[in-house]
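J.: Handing you a structure now.
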Amino acid sequence: MAGGGDGKEQNYWPGFVDALSNVVLTLVFVLVVFVFALMITSGKVNQKAQQAAEEKAAQSRASGKVEAELKQELQDAQQAKEKVAGQLAVAKQELQKAQQDMQDVKKQLDQVKADQEAKELAVTPSVILQRAETKSDSNVTPDRDRPPATVASTNVIVIKFPRNVIQLNDRAKADLAKVLEAHKGQITGTKAVLDGFVGLETYSEGRRLAYYRAMDIRNFLIEKGAASKNSVEINTKVANGKDEGDARVEIRFVR
């Protein structure tokens with residue numbers, strides 16, 4: 001055979017098979033290592049993913065718990081607000097009722113005070129300061145055949161008495177004391193003439209009450225130093241005018 005050496009054919013397949021087997025074994029080894037590495041990595045990734053999921057679930061549970069607590073607190077706050085609002089409404093109603101009761105009590109007190117004042121006025125002699133007539137009394141018959149006295153002041157004090165009242169009460173005394181104090185300079189050293197006029201009572205009863213009223217005023221004048229026991233004259237008279245039916249005592253200070 002042309003080109004032959006020793007006449008034997010060379011076989012390359014055993015070496016090729018050995019080389020191929022080594023390559024395949026190497027690839028299988030690398031693949032096994034890769035698979036193991038992939039499994040380990042996959043396990044770690046799954047573990048981390050599970051941990052992340054658990055953490056997320058824990059956070060979710062925690063956030064849910066916090067949200068539930070916040071909702072409960074909000075509900076409690078709302079209930080407390082409604083309770084306070086109810087208490088405030090009740091307190092407001094009670095305040096309005098108390099104010100109404102206070103107004104009612106005030107009205108009752110005012111009414112009682114008005115009734116007391118009216119009752120007191122009904123039994124309080126009224127002290128009135130009037131102008132005295134200074135005309136000539138030449139045509140008038142002097143009482144007890146004496147000439148008319150000279151009026152020391154141009155005023156006459158008129159005290160009107162309600163029916164069946166014969167004494168000055170505290171209010172009338174205070175009013176009369178003010179009048180006497182205002183004319184203190186004019187009445188010093190004068191004589192007090194008390195004219196007691198009969199009121200609506202019967203004649204005999206009216207004269208008796210007129211005298212008692214004049215005596216009560218006499219004692220008050222002496223007590224206040226406006227007159228002395230010997231400088232007071234008391235007269236009982238009957239009013240002539242139809243509009244002069246109320247009992248009264250007129251005080252004049254003469255010299």
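By order of appearance in the structure tokens: chains A, B, ..., then residues from 1 within every chain, and ligands from 1 in the order shown.
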Just want the 12 Å neighbourhood of A:Arg248, counted on only C-alpha atoms, with same-chain residues fewer than 5 positions away dropped. Output as a ChimeraX atom specification.
T.: /A:125-128,157-168,194-200,206-207,209-214,217,235-239
J.: Save out the residues we just selected, C-alpha atoms, as a JSON list (two decimals), in the first residue's frame.
T.:
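Saved result, out.json, follows:
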```
[["chain", "number", "residue", "atom", "x", "y", "z"],
["A", 125, "PRO", "CA", -98.22, 108.13, 108.32],
["A", 126, "SER", "CA", -97.03, 110.30, 105.45],
["A", 127, "VAL", "CA", -95.02, 113.41, 106.31],
["A", 128, "ILE", "CA", -95.77, 116.30, 103.94],
["A", 157, "ILE", "CA", -95.73, 119.98, 108.50],
["A", 158, "VAL", "CA", -98.72, 117.80, 107.67],
["A", 159, "ILE", "CA", -98.77, 114.19, 108.82],
["A", 160, "LYS", "CA", -101.56, 112.11, 107.32],
["A", 161, "PHE", "CA", -102.59, 108.99, 109.24],
["A", 162, "PRO", "CA", -104.19, 105.90, 107.73],
["A", 163, "ARG", "CA", -107.38, 104.79, 109.39],
["A", 164, "ASN", "CA", -106.99, 103.37, 112.92],
["A", 165, "VAL", "CA", -103.26, 104.28, 112.99],
["A", 166, "ILE", "CA", -102.35, 106.50, 115.94],
["A", 167, "GLN", "CA", -98.56, 106.21, 116.19],
["A", 168, "LEU", "CA", -95.62, 107.04, 113.99],
["A", 194, "LEU", "CA", -100.27, 120.59, 116.93],
["A", 195, "ASP", "CA", -103.69, 120.58, 115.28],
["A", 196, "GLY", "CA", -105.15, 117.09, 115.21],
["A", 197, "PHE", "CA", -107.91, 116.75, 112.59],
["A", 198, "VAL", "CA", -110.59, 114.12, 112.91],
["A", 199, "GLY", "CA", -110.60, 111.51, 110.14],
["A", 200, "LEU", "CA", -113.28, 109.16, 108.85],
["A", 206, "GLY", "CA", -112.08, 110.60, 115.86],
["A", 207, "ARG", "CA", -111.42, 113.28, 118.45],
["A", 209, "LEU", "CA", -107.67, 109.28, 118.06],
["A", 210, "ALA", "CA", -106.70, 112.80, 116.93],
["A", 211, "TYR", "CA", -105.58, 113.60, 120.46],
["A", 212, "TYR", "CA", -103.59, 110.38, 120.74],
["A", 213, "ARG", "CA", -101.89, 111.08, 117.40],
["A", 214, "ALA", "CA", -100.98, 114.60, 118.47],
["A", 217, "ILE", "CA", -96.02, 113.51, 117.77],
["A", 235, "ASN", "CA", -105.80, 121.17, 119.48],
["A", 236, "THR", "CA", -108.37, 118.78, 118.00],
["A", 237, "LYS", "CA", -110.35, 119.96, 114.99],
["A", 238, "VAL", "CA", -112.74, 118.77, 112.31],
["A", 239, "ALA", "CA", -111.77, 119.32, 108.67]]
```
J.: Work out how far apart atom CA of A:Leu180 and atom CA of A:Gln116 are and give it in Å to one decimal.
T.: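 We find that atom CA of A:Leu180 and atom CA of A:Gln116 lie 26.9 Å from each other.
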J.: Can you list, as a ChimeraX atom specification, every protein, DNA or RNA residue that comes within 9 Å of A:Lys224 when you count only C-alpha atoms, leaving out same-chain residues fewer than 3 positions away?
T.: /A:177,180,219-221,227
J.: Based on the selection just made, write C-alpha atoms of those residues as a PDB file, in the first residue's frame.
T.:
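Saved result, result_30.pdb, follows:
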```pdb
ATOM      1  CA  ALA A 177     -86.745 113.763 111.658  1.00  0.00           C
ATOM      2  CA  LEU A 180     -87.140 118.835 111.513  1.00  0.00           C
ATOM      3  CA  ASN A 219     -93.467 113.033 122.519  1.00  0.00           C
ATOM      4  CA  PHE A 220     -91.405 112.625 119.352  1.00  0.00           C
ATOM      5  CA  LEU A 221     -90.750 116.386 119.110  1.00  0.00           C
ATOM      6  CA  ALA A 227     -89.879 121.303 121.534  1.00  0.00           C
TER       7      ALA A 227
END
```
J.: What is the atom CA of A:Phe253-atom CA of A:Arg208 distance in Å, reported with one decimal?
T.: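 One can read the atom CA of A:Phe253 to atom CA of A:Arg208 distance as 23.2 Å.
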J.: May I have all residues of stretch 20-254 of chain A that DSSP, computed from the backbone, assigns to strand (DSSP E or B), given as a ChimeraX atom specification?
T.: /A:126-131,151,155-161,191-198,232-238,247-254
J.: Those same residues - N, CA and C atoms - I'd like them written as an mmCIF file, in the first residue's frame.
T.:
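Saved file result_5.cif follows:
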```cif
data_model
loop_
_atom_site.group_PDB
_atom_site.id
_atom_site.type_symbol
_atom_site.label_atom_id
_atom_site.label_comp_id
_atom_site.auth_asym_id
_atom_site.auth_seq_id
_atom_site.Cartn_x
_atom_site.Cartn_y
_atom_site.Cartn_z
ATOM 1 N N SER A 126 -97.848 109.595 106.443
ATOM 2 C CA SER A 126 -97.028 110.297 105.454
ATOM 3 C C SER A 126 -96.735 111.712 105.944
ATOM 4 N N VAL A 127 -95.463 112.089 105.872
ATOM 5 C CA VAL A 127 -95.025 113.411 106.311
ATOM 6 C C VAL A 127 -94.937 114.312 105.084
ATOM 7 N N ILE A 128 -95.712 115.386 105.082
ATOM 8 C CA ILE A 128 -95.774 116.298 103.940
ATOM 9 C C ILE A 128 -95.446 117.704 104.428
ATOM 10 N N LEU A 129 -94.606 118.393 103.697
ATOM 11 C CA LEU A 129 -94.247 119.772 104.031
ATOM 12 C C LEU A 129 -95.001 120.703 103.092
ATOM 13 N N GLN A 130 -95.888 121.520 103.631
ATOM 14 C CA GLN A 130 -96.718 122.400 102.828
ATOM 15 C C GLN A 130 -96.478 123.857 103.191
ATOM 16 N N ARG A 131 -96.886 124.713 102.264
ATOM 17 C CA ARG A 131 -96.818 126.140 102.522
ATOM 18 C C ARG A 131 -97.947 126.562 103.453
ATOM 19 N N VAL A 151 -96.539 133.075 112.696
ATOM 20 C CA VAL A 151 -95.923 131.868 112.165
ATOM 21 C C VAL A 151 -94.430 132.094 112.030
ATOM 22 N N ASN A 155 -93.689 127.292 106.457
ATOM 23 C CA ASN A 155 -94.041 125.905 106.182
ATOM 24 C C ASN A 155 -94.887 125.349 107.310
ATOM 25 N N VAL A 156 -95.727 124.419 106.961
ATOM 26 C CA VAL A 156 -96.471 123.657 107.944
ATOM 27 C C VAL A 156 -96.228 122.182 107.641
ATOM 28 N N ILE A 157 -95.978 121.409 108.672
ATOM 29 C CA ILE A 157 -95.727 119.980 108.499
ATOM 30 C C ILE A 157 -97.042 119.248 108.677
ATOM 31 N N VAL A 158 -97.467 118.538 107.647
ATOM 32 C CA VAL A 158 -98.724 117.805 107.669
ATOM 33 C C VAL A 158 -98.415 116.316 107.705
ATOM 34 N N ILE A 159 -98.967 115.634 108.690
ATOM 35 C CA ILE A 159 -98.767 114.192 108.818
ATOM 36 C C ILE A 159 -100.124 113.527 108.673
ATOM 37 N N LYS A 160 -100.302 112.795 107.582
ATOM 38 C CA LYS A 160 -101.560 112.106 107.324
ATOM 39 C C LYS A 160 -101.495 110.685 107.885
ATOM 40 N N PHE A 161 -102.543 110.297 108.594
ATOM 41 C CA PHE A 161 -102.590 108.994 109.242
ATOM 42 C C PHE A 161 -103.603 108.092 108.543
ATOM 43 N N LYS A 191 -92.685 127.830 119.619
ATOM 44 C CA LYS A 191 -93.717 127.007 120.249
ATOM 45 C C LYS A 191 -94.343 126.125 119.177
ATOM 46 N N ALA A 192 -94.527 124.857 119.484
ATOM 47 C CA ALA A 192 -95.102 123.915 118.527
ATOM 48 C C ALA A 192 -96.605 123.812 118.755
ATOM 49 N N VAL A 193 -97.380 124.131 117.723
ATOM 50 C CA VAL A 193 -98.837 124.022 117.774
ATOM 51 C C VAL A 193 -99.228 122.799 116.953
ATOM 52 N N LEU A 194 -99.852 121.821 117.594
ATOM 53 C CA LEU A 194 -100.270 120.588 116.929
ATOM 54 C C LEU A 194 -101.781 120.588 116.781
ATOM 55 N N ASP A 195 -102.258 120.631 115.562
ATOM 56 C CA ASP A 195 -103.686 120.578 115.277
ATOM 57 C C ASP A 195 -104.023 119.187 114.774
ATOM 58 N N GLY A 196 -104.739 118.420 115.614
ATOM 59 C CA GLY A 196 -105.149 117.087 115.213
ATOM 60 C C GLY A 196 -106.532 117.103 114.601
ATOM 61 N N PHE A 197 -106.634 116.734 113.306
ATOM 62 C CA PHE A 197 -107.908 116.754 112.594
ATOM 63 C C PHE A 197 -108.535 115.364 112.612
ATOM 64 N N VAL A 198 -109.843 115.379 112.850
ATOM 65 C CA VAL A 198 -110.595 114.124 112.909
ATOM 66 C C VAL A 198 -110.676 113.523 111.512
ATOM 67 N N VAL A 232 -95.533 123.077 123.794
ATOM 68 C CA VAL A 232 -96.340 122.327 122.830
ATOM 69 C C VAL A 232 -97.806 122.558 123.149
ATOM 70 N N GLU A 233 -98.562 122.928 122.131
ATOM 71 C CA GLU A 233 -100.009 123.140 122.267
ATOM 72 C C GLU A 233 -100.726 122.143 121.368
ATOM 73 N N ILE A 234 -101.729 121.465 121.915
ATOM 74 C CA ILE A 234 -102.455 120.440 121.169
ATOM 75 C C ILE A 234 -103.905 120.883 121.009
ATOM 76 N N ASN A 235 -104.407 120.856 119.779
ATOM 77 C CA ASN A 235 -105.805 121.169 119.475
ATOM 78 C C ASN A 235 -106.394 120.043 118.635
ATOM 79 N N THR A 236 -107.667 119.747 118.833
ATOM 80 C CA THR A 236 -108.370 118.775 117.997
ATOM 81 C C THR A 236 -109.414 119.511 117.195
ATOM 82 N N LYS A 237 -109.449 119.233 115.881
ATOM 83 C CA LYS A 237 -110.345 119.957 114.987
ATOM 84 C C LYS A 237 -111.021 118.993 114.026
ATOM 85 N N VAL A 238 -112.027 119.514 113.347
ATOM 86 C CA VAL A 238 -112.743 118.770 112.306
ATOM 87 C C VAL A 238 -112.508 119.476 110.990
ATOM 88 N N ALA A 247 -107.425 111.459 108.367
ATOM 89 C CA ALA A 247 -106.957 112.027 109.635
ATOM 90 C C ALA A 247 -105.557 112.570 109.448
ATOM 91 N N ARG A 248 -105.278 113.705 110.105
ATOM 92 C CA ARG A 248 -103.969 114.308 109.959
ATOM 93 C C ARG A 248 -103.662 115.161 111.176
ATOM 94 N N VAL A 249 -102.374 115.427 111.305
ATOM 95 C CA VAL A 249 -101.895 116.338 112.330
ATOM 96 C C VAL A 249 -101.019 117.374 111.653
ATOM 97 N N GLU A 250 -101.351 118.649 111.872
ATOM 98 C CA GLU A 250 -100.571 119.738 111.293
ATOM 99 C C GLU A 250 -99.708 120.345 112.392
ATOM 100 N N ILE A 251 -98.422 120.520 112.045
ATOM 101 C CA ILE A 251 -97.463 121.078 113.012
ATOM 102 C C ILE A 251 -97.047 122.446 112.515
ATOM 103 N N ARG A 252 -97.220 123.447 113.380
ATOM 104 C CA ARG A 252 -96.741 124.802 113.096
ATOM 105 C C ARG A 252 -95.872 125.251 114.250
ATOM 106 N N PHE A 253 -94.796 125.905 113.912
ATOM 107 C CA PHE A 253 -93.902 126.464 114.947
ATOM 108 C C PHE A 253 -94.097 127.963 114.949
ATOM 109 N N VAL A 254 -94.578 128.487 116.074
ATOM 110 C CA VAL A 254 -94.920 129.909 116.181
ATOM 111 C C VAL A 254 -94.097 130.535 117.312
#
```
J.: Name the residues of stretch 46-236 of chain A that come out as helix (DSSP H, G or I) in a backbone DSSP run; write them as an MDAnalysis selection string.
T.: chainID A and resid 46:122 143:145 170:182 184:187 203:224
J.: Check the smallest atom-to-atom distance from each of A:Asp216, A:Glu55, A:Asp170, A:Glu205 to A:Val123 using only C-alpha atoms, then report the winner.
T.: A:Asp170
